[in-house]
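This report refers to the structure that appears directly beneath it.
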Amino acid sequence: MPFPAERPRRLRRSERLRALVRETRVGPEHLIYPLFVAPGSGFRKEIPSLPGCYHLSADEAAREAREVERLGIAGVILFGLPEGKDAVGSQGYADDGVVQKAVRAIRAECKELLVATDVCLCEYTSHGHCGVVEGQDVVNDPTLELLAKMAVSHARAGAHVVAPSDMMDGRVGAIRTSLDAAGFGDVAILSYAAKYASAFYGPFREAADSAPQFGDRRSYQMDPANVREALREVRLDVAEGADVVMVKPALPYLDVIRAVRESVDLPVAAYNVSGEYAMVKAAAARGWIDERRIVRETLTSIRRAGADVILTYHAKDLARWTS
Ligand code: PBG
């Protein structure tokens with residue numbers, strides 16, 4: 001045999017060849033774009049920590065959603081900046097809340113775009129925690145009822161998918177039961193199954209004004225050191241009726257995405273979070289990295305790790321660069 005018998009470079013000689021044997025693809029059809037919705041109308045203001053992303057009133061969110069739909073992106077996920085906050089986050093499950101209004105406005109404008117909503121109390125509570133607070137504790141079971149109410153109110157407004165991100169135990173089951181009882185048996189649950197207590201959420205908390213006013217989220221979000229525990233969380237959410245399970249953040253947790261992919265047969269999502277985005281944007285603004293190549297490589301790595309779906313602030317950029 002002449003040396004070397006195998007020459008892997010043969011298949012790298014041209015872009016046609018490379019595309020022919022490419023193992024992983026990422027396109028707008030795999031992506032969900034987060035939107036931050038605010039009160040009022042005609043309101044659109046760039047979020048300093050998330051350049052290229054905006055606080056949007058319902059009408060502006062509908063305009064943005066039309067653009068997202070036109071770009072071929074699968075869907076949007078909505079986060080709310082409510083008019084007012086209180087101890088139990090009541091604006092989160094008010095039928096005329098910011099997210100509910102935006103869902104209705106988007107559904108009226110977009111025929112195909114998937115509309116998902118984040119289900120969590122932290123944007124709506126005065127203390128900024130994801131659940132009901134008693135003393136210094138975030139209490140689990142009293143929170144479930146409120147999350148279920150929020151999910152049902154999002155479904156009533158027209159959400160196709162609800163995405164609980166609070167990390168309370170048993171919330172997927174509580175939400176599934178309430179959705180079914182209210183006649184929303186076909187509304188899907190995308191559960192933030194393995195959500196870590198991460199410093200990568202920093203820019204989001206500024207964008208959503210949702211930083212906890214005391215303590216931190218480590219009594220409910222996961223310890224970044226754990227992967228077996230992620231599989232346990234995923235198993236519980238699957239048993240409770242989750243339709244898609246998510247790992248969050250994405251890039252520092254590619255191994256977790258891979259482990260989850262191998263342990264369940266449901267679709268797996270990953271959230272390429274605000275801190276991951278902000279770092280890319282900051283370095284690109286300084287000319288230190290090639291933004292297009294970095295974004296494509298990053299999103300490809302998340303797909304290669306096993307994610308079917310990626311929630312990402314880069315969605316519009318990637319879609320534009322692809323078309
Ligand atoms: C709400 C929520 C958070 C994110 C999504 N849903 C913040 C948090 O848990 O503090 C983070 C998203 C991001 O950083 O892009 N619980």
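Chain lettering (A, B, ...) mirrors the order of the structure tokens, residue numbering begins at 1 for each chain separately, and ligand numbering begins at 1 in order of display.
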
If we count only C-alpha atoms, what is near Leu11 of chain A at a cut-off of 8 Å, once residues fewer than 4 positions away on the same chain are taken out, given as a VMD selection string? chain A and resid 17 to 18 21

Please provide as a ChimeraX atom specification all residues within 12 Å of Glu229 of chain A, with the sequence filter that same-chain residues fewer than 5 positions apart are discarded (counting only C-alpha atoms). /A:193-196,221-224,234-236,256,259-260

For those residues, write all heavy atoms to a file as an mmCIF file, in the first residue's frame.
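File written: out.cif
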```cif
data_model
loop_
_atom_site.group_PDB
_atom_site.id
_atom_site.type_symbol
_atom_site.label_atom_id
_atom_site.label_comp_id
_atom_site.auth_asym_id
_atom_site.auth_seq_id
_atom_site.Cartn_x
_atom_site.Cartn_y
_atom_site.Cartn_z
ATOM 1 N N ALA A 193 -35.094 22.324 31.475
ATOM 2 C CA ALA A 193 -34.952 21.191 32.386
ATOM 3 C C ALA A 193 -33.667 21.296 33.201
ATOM 4 O O ALA A 193 -33.672 21.098 34.414
ATOM 5 C CB ALA A 193 -34.982 19.894 31.586
ATOM 6 N N ALA A 194 -32.573 21.565 32.509
ATOM 7 C CA ALA A 194 -31.287 21.691 33.195
ATOM 8 C C ALA A 194 -30.816 23.125 33.043
ATOM 9 O O ALA A 194 -30.129 23.487 32.089
ATOM 10 C CB ALA A 194 -30.272 20.723 32.597
ATOM 11 N N LYS A 195 -31.254 23.940 33.986
ATOM 12 C CA LYS A 195 -30.887 25.352 33.958
ATOM 13 C C LYS A 195 -29.940 25.622 35.114
ATOM 14 O O LYS A 195 -30.278 25.387 36.279
ATOM 15 C CB LYS A 195 -32.136 26.216 34.091
ATOM 16 C CG LYS A 195 -31.826 27.699 34.155
ATOM 17 C CD LYS A 195 -33.079 28.534 34.121
ATOM 18 C CE LYS A 195 -32.757 30.006 34.271
ATOM 19 N NZ LYS A 195 -33.959 30.837 34.210
ATOM 20 N N TYR A 196 -28.757 26.082 34.776
ATOM 21 C CA TYR A 196 -27.700 26.260 35.762
ATOM 22 C C TYR A 196 -27.716 27.663 36.367
ATOM 23 O O TYR A 196 -28.121 28.629 35.705
ATOM 24 C CB TYR A 196 -26.342 25.981 35.110
ATOM 25 C CG TYR A 196 -26.148 24.506 34.827
ATOM 26 C CD1 TYR A 196 -26.584 23.951 33.631
ATOM 27 C CD2 TYR A 196 -25.580 23.667 35.778
ATOM 28 C CE1 TYR A 196 -26.438 22.587 33.375
ATOM 29 C CE2 TYR A 196 -25.431 22.307 35.538
ATOM 30 C CZ TYR A 196 -25.860 21.778 34.337
ATOM 31 O OH TYR A 196 -25.722 20.427 34.089
ATOM 32 N N GLN A 221 -31.704 27.042 40.917
ATOM 33 C CA GLN A 221 -30.999 26.697 39.680
ATOM 34 C C GLN A 221 -29.840 25.756 40.010
ATOM 35 O O GLN A 221 -29.372 25.693 41.138
ATOM 36 C CB GLN A 221 -30.495 27.961 38.990
ATOM 37 C CG GLN A 221 -31.652 28.887 38.596
ATOM 38 C CD GLN A 221 -31.204 30.151 37.896
ATOM 39 O OE1 GLN A 221 -30.030 30.490 37.874
ATOM 40 N NE2 GLN A 221 -32.162 30.872 37.326
ATOM 41 N N MET A 222 -29.364 25.047 38.979
ATOM 42 C CA MET A 222 -28.404 23.967 39.242
ATOM 43 C C MET A 222 -26.969 24.443 39.439
ATOM 44 O O MET A 222 -26.529 25.437 38.885
ATOM 45 C CB MET A 222 -28.432 22.965 38.085
ATOM 46 C CG MET A 222 -29.623 22.037 38.107
ATOM 47 S SD MET A 222 -29.501 20.900 36.728
ATOM 48 C CE MET A 222 -27.835 20.278 36.984
ATOM 49 N N ASP A 223 -26.237 23.631 40.179
ATOM 50 C CA ASP A 223 -24.815 23.837 40.388
ATOM 51 C C ASP A 223 -24.071 23.539 39.072
ATOM 52 O O ASP A 223 -24.219 22.452 38.512
ATOM 53 C CB ASP A 223 -24.365 22.855 41.485
ATOM 54 C CG ASP A 223 -22.909 23.033 41.868
ATOM 55 O OD1 ASP A 223 -22.112 23.531 41.034
ATOM 56 O OD2 ASP A 223 -22.561 22.658 42.990
ATOM 57 N N PRO A 224 -23.286 24.515 38.573
ATOM 58 C CA PRO A 224 -22.577 24.311 37.305
ATOM 59 C C PRO A 224 -21.677 23.076 37.274
ATOM 60 O O PRO A 224 -21.282 22.620 36.197
ATOM 61 C CB PRO A 224 -21.735 25.589 37.157
ATOM 62 C CG PRO A 224 -22.498 26.621 37.919
ATOM 63 C CD PRO A 224 -23.121 25.888 39.090
ATOM 64 N N VAL A 234 -33.883 16.180 33.825
ATOM 65 C CA VAL A 234 -34.485 15.903 32.522
ATOM 66 C C VAL A 234 -35.464 14.741 32.649
ATOM 67 O O VAL A 234 -36.593 14.800 32.147
ATOM 68 C CB VAL A 234 -33.384 15.595 31.478
ATOM 69 C CG1 VAL A 234 -33.960 14.925 30.246
ATOM 70 C CG2 VAL A 234 -32.641 16.880 31.109
ATOM 71 N N ARG A 235 -35.051 13.684 33.337
ATOM 72 C CA ARG A 235 -35.914 12.515 33.491
ATOM 73 C C ARG A 235 -37.230 12.904 34.168
ATOM 74 O O ARG A 235 -38.311 12.491 33.757
ATOM 75 C CB ARG A 235 -35.164 11.442 34.293
ATOM 76 C CG ARG A 235 -35.829 10.114 34.255
ATOM 77 C CD ARG A 235 -34.967 8.919 34.732
ATOM 78 N NE ARG A 235 -33.672 9.176 35.301
ATOM 79 C CZ ARG A 235 -33.431 9.361 36.610
ATOM 80 N NH1 ARG A 235 -34.419 9.344 37.487
ATOM 81 N NH2 ARG A 235 -32.195 9.551 37.038
ATOM 82 N N LEU A 236 -37.138 13.730 35.196
ATOM 83 C CA LEU A 236 -38.350 14.166 35.908
ATOM 84 C C LEU A 236 -39.260 14.966 34.975
ATOM 85 O O LEU A 236 -40.473 14.756 34.947
ATOM 86 C CB LEU A 236 -37.972 15.028 37.119
ATOM 87 C CG LEU A 236 -37.323 14.285 38.280
ATOM 88 C CD1 LEU A 236 -36.748 15.272 39.295
ATOM 89 C CD2 LEU A 236 -38.340 13.364 38.947
ATOM 90 N N VAL A 256 -23.147 18.730 28.652
ATOM 91 C CA VAL A 256 -24.466 18.425 29.213
ATOM 92 C C VAL A 256 -25.479 18.205 28.084
ATOM 93 O O VAL A 256 -26.300 17.283 28.131
ATOM 94 C CB VAL A 256 -24.936 19.549 30.171
ATOM 95 C CG1 VAL A 256 -26.304 19.208 30.764
ATOM 96 C CG2 VAL A 256 -23.906 19.795 31.266
ATOM 97 N N ALA A 259 -24.903 14.793 26.806
ATOM 98 C CA ALA A 259 -25.384 13.754 27.732
ATOM 99 C C ALA A 259 -26.906 13.667 27.695
ATOM 100 O O ALA A 259 -27.487 12.579 27.696
ATOM 101 C CB ALA A 259 -24.886 14.056 29.149
ATOM 102 N N VAL A 260 -27.567 14.825 27.636
ATOM 103 C CA VAL A 260 -29.030 14.829 27.586
ATOM 104 C C VAL A 260 -29.496 14.205 26.272
ATOM 105 O O VAL A 260 -30.404 13.375 26.245
ATOM 106 C CB VAL A 260 -29.582 16.266 27.759
ATOM 107 C CG1 VAL A 260 -31.073 16.315 27.438
ATOM 108 C CG2 VAL A 260 -29.312 16.768 29.168
#
```

Considering only C-alpha atoms, return as an NGL selection string whatever protein or nucleic-acid residues lie within 12 Å of Val103 of chain A, sequence-local ones (same chain, fewer than 6 positions apart) excluded. :A and (35-37 or 57-62 or 65 or 75-80 or 95-97 or 109-110 or 113-118 or 153-162)

Write out as a tab-separated table the residues of chain A that have any atom within 7 Å of an atom of ligand 1, one row each with the nearest atom pair and its distance in Å to one decimal, counting only C-alpha atoms and all ligand atoms, sorted by chain and then rising number.
```
residue	atom	partner	partner_atom_place_in_ligand_line	distance
A:Asp118	CA	ligand 1	6 (N)	6.4
A:Cys120	CA	ligand 1	16 (N)	5.5
A:Cys122	CA	ligand 1	16 (N)	5.8
A:Cys130	CA	ligand 1	16 (N)	6.0
A:Ser165	CA	ligand 1	16 (N)	5.0
A:Asp166	CA	ligand 1	16 (N)	5.2
A:Phe200	CA	ligand 1	14 (O)	6.0
A:Tyr201	CA	ligand 1	14 (O)	3.4
A:Gly202	CA	ligand 1	14 (O)	6.3
A:Pro203	CA	ligand 1	14 (O)	6.4
A:Phe204	CA	ligand 1	14 (O)	4.4
A:Arg205	CA	ligand 1	10 (O)	6.0
A:Ser210	CA	ligand 1	10 (O)	6.7
A:Ala211	CA	ligand 1	10 (O)	6.5
A:Asn272	CA	ligand 1	15 (O)	6.8
A:Val273	CA	ligand 1	15 (O)	3.5
A:Ser274	CA	ligand 1	15 (O)	3.6
A:Gly275	CA	ligand 1	14 (O)	6.1
```

Preceding selection exported with C-alpha atoms as a CSV table (one decimal), in the first residue's frame:
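Writing done, so here's part20.csv:
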```
chain,number,residue,atom,x,y,z
A,118,ASP,CA,-41.1,32.2,29.0
A,120,CYS,CA,-41.3,32.5,35.3
A,122,CYS,CA,-38.7,36.8,38.3
A,130,CYS,CA,-38.5,33.1,40.3
A,165,SER,CA,-37.6,28.6,33.3
A,166,ASP,CA,-38.1,28.9,37.1
A,200,PHE,CA,-23.8,34.1,31.8
A,201,TYR,CA,-27.3,35.5,32.5
A,202,GLY,CA,-25.9,38.9,33.6
A,203,PRO,CA,-26.9,41.0,30.5
A,204,PHE,CA,-30.4,39.4,30.4
A,205,ARG,CA,-31.1,40.4,34.0
A,210,SER,CA,-35.0,40.6,36.9
A,211,ALA,CA,-32.0,40.5,39.2
A,272,ASN,CA,-27.3,30.4,23.8
A,273,VAL,CA,-27.7,33.0,26.6
A,274,SER,CA,-27.2,36.7,26.9
A,275,GLY,CA,-23.7,36.5,28.3
```

Counting only C-alpha atoms, the option among A:Ile289, A:Ile294, A:Val152, A:Leu266 closest to Asp186 of chain A: A:Val152

When DSSP is applied to the backbone of this structure, which of segment 167-253 of chain A are assigned strand (DSSP E)? Write them out as JSON, numbers by chain. {"A": [188, 189, 190, 191, 192, 193, 194, 195, 244, 245, 246, 247, 248]}

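Separating atom CA of Lys85 of chain A from atom CA of Lys149 of chain A is a distance of 16.6 Å.
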
Using the chain letters and numbers from this document, which residues of segment 30-267 of chain A does DSSP assign to alpha helix (DSSP H), as a PyMOL selection string? chain A and resi 58-70+98-109+141-157+171-181+202-208+228-240+254-263

Closest of A:Asp237, A:Asp169, A:Asp243, A:Asp209 to Ile189 of chain A, counting only C-alpha atoms, is A:Asp243
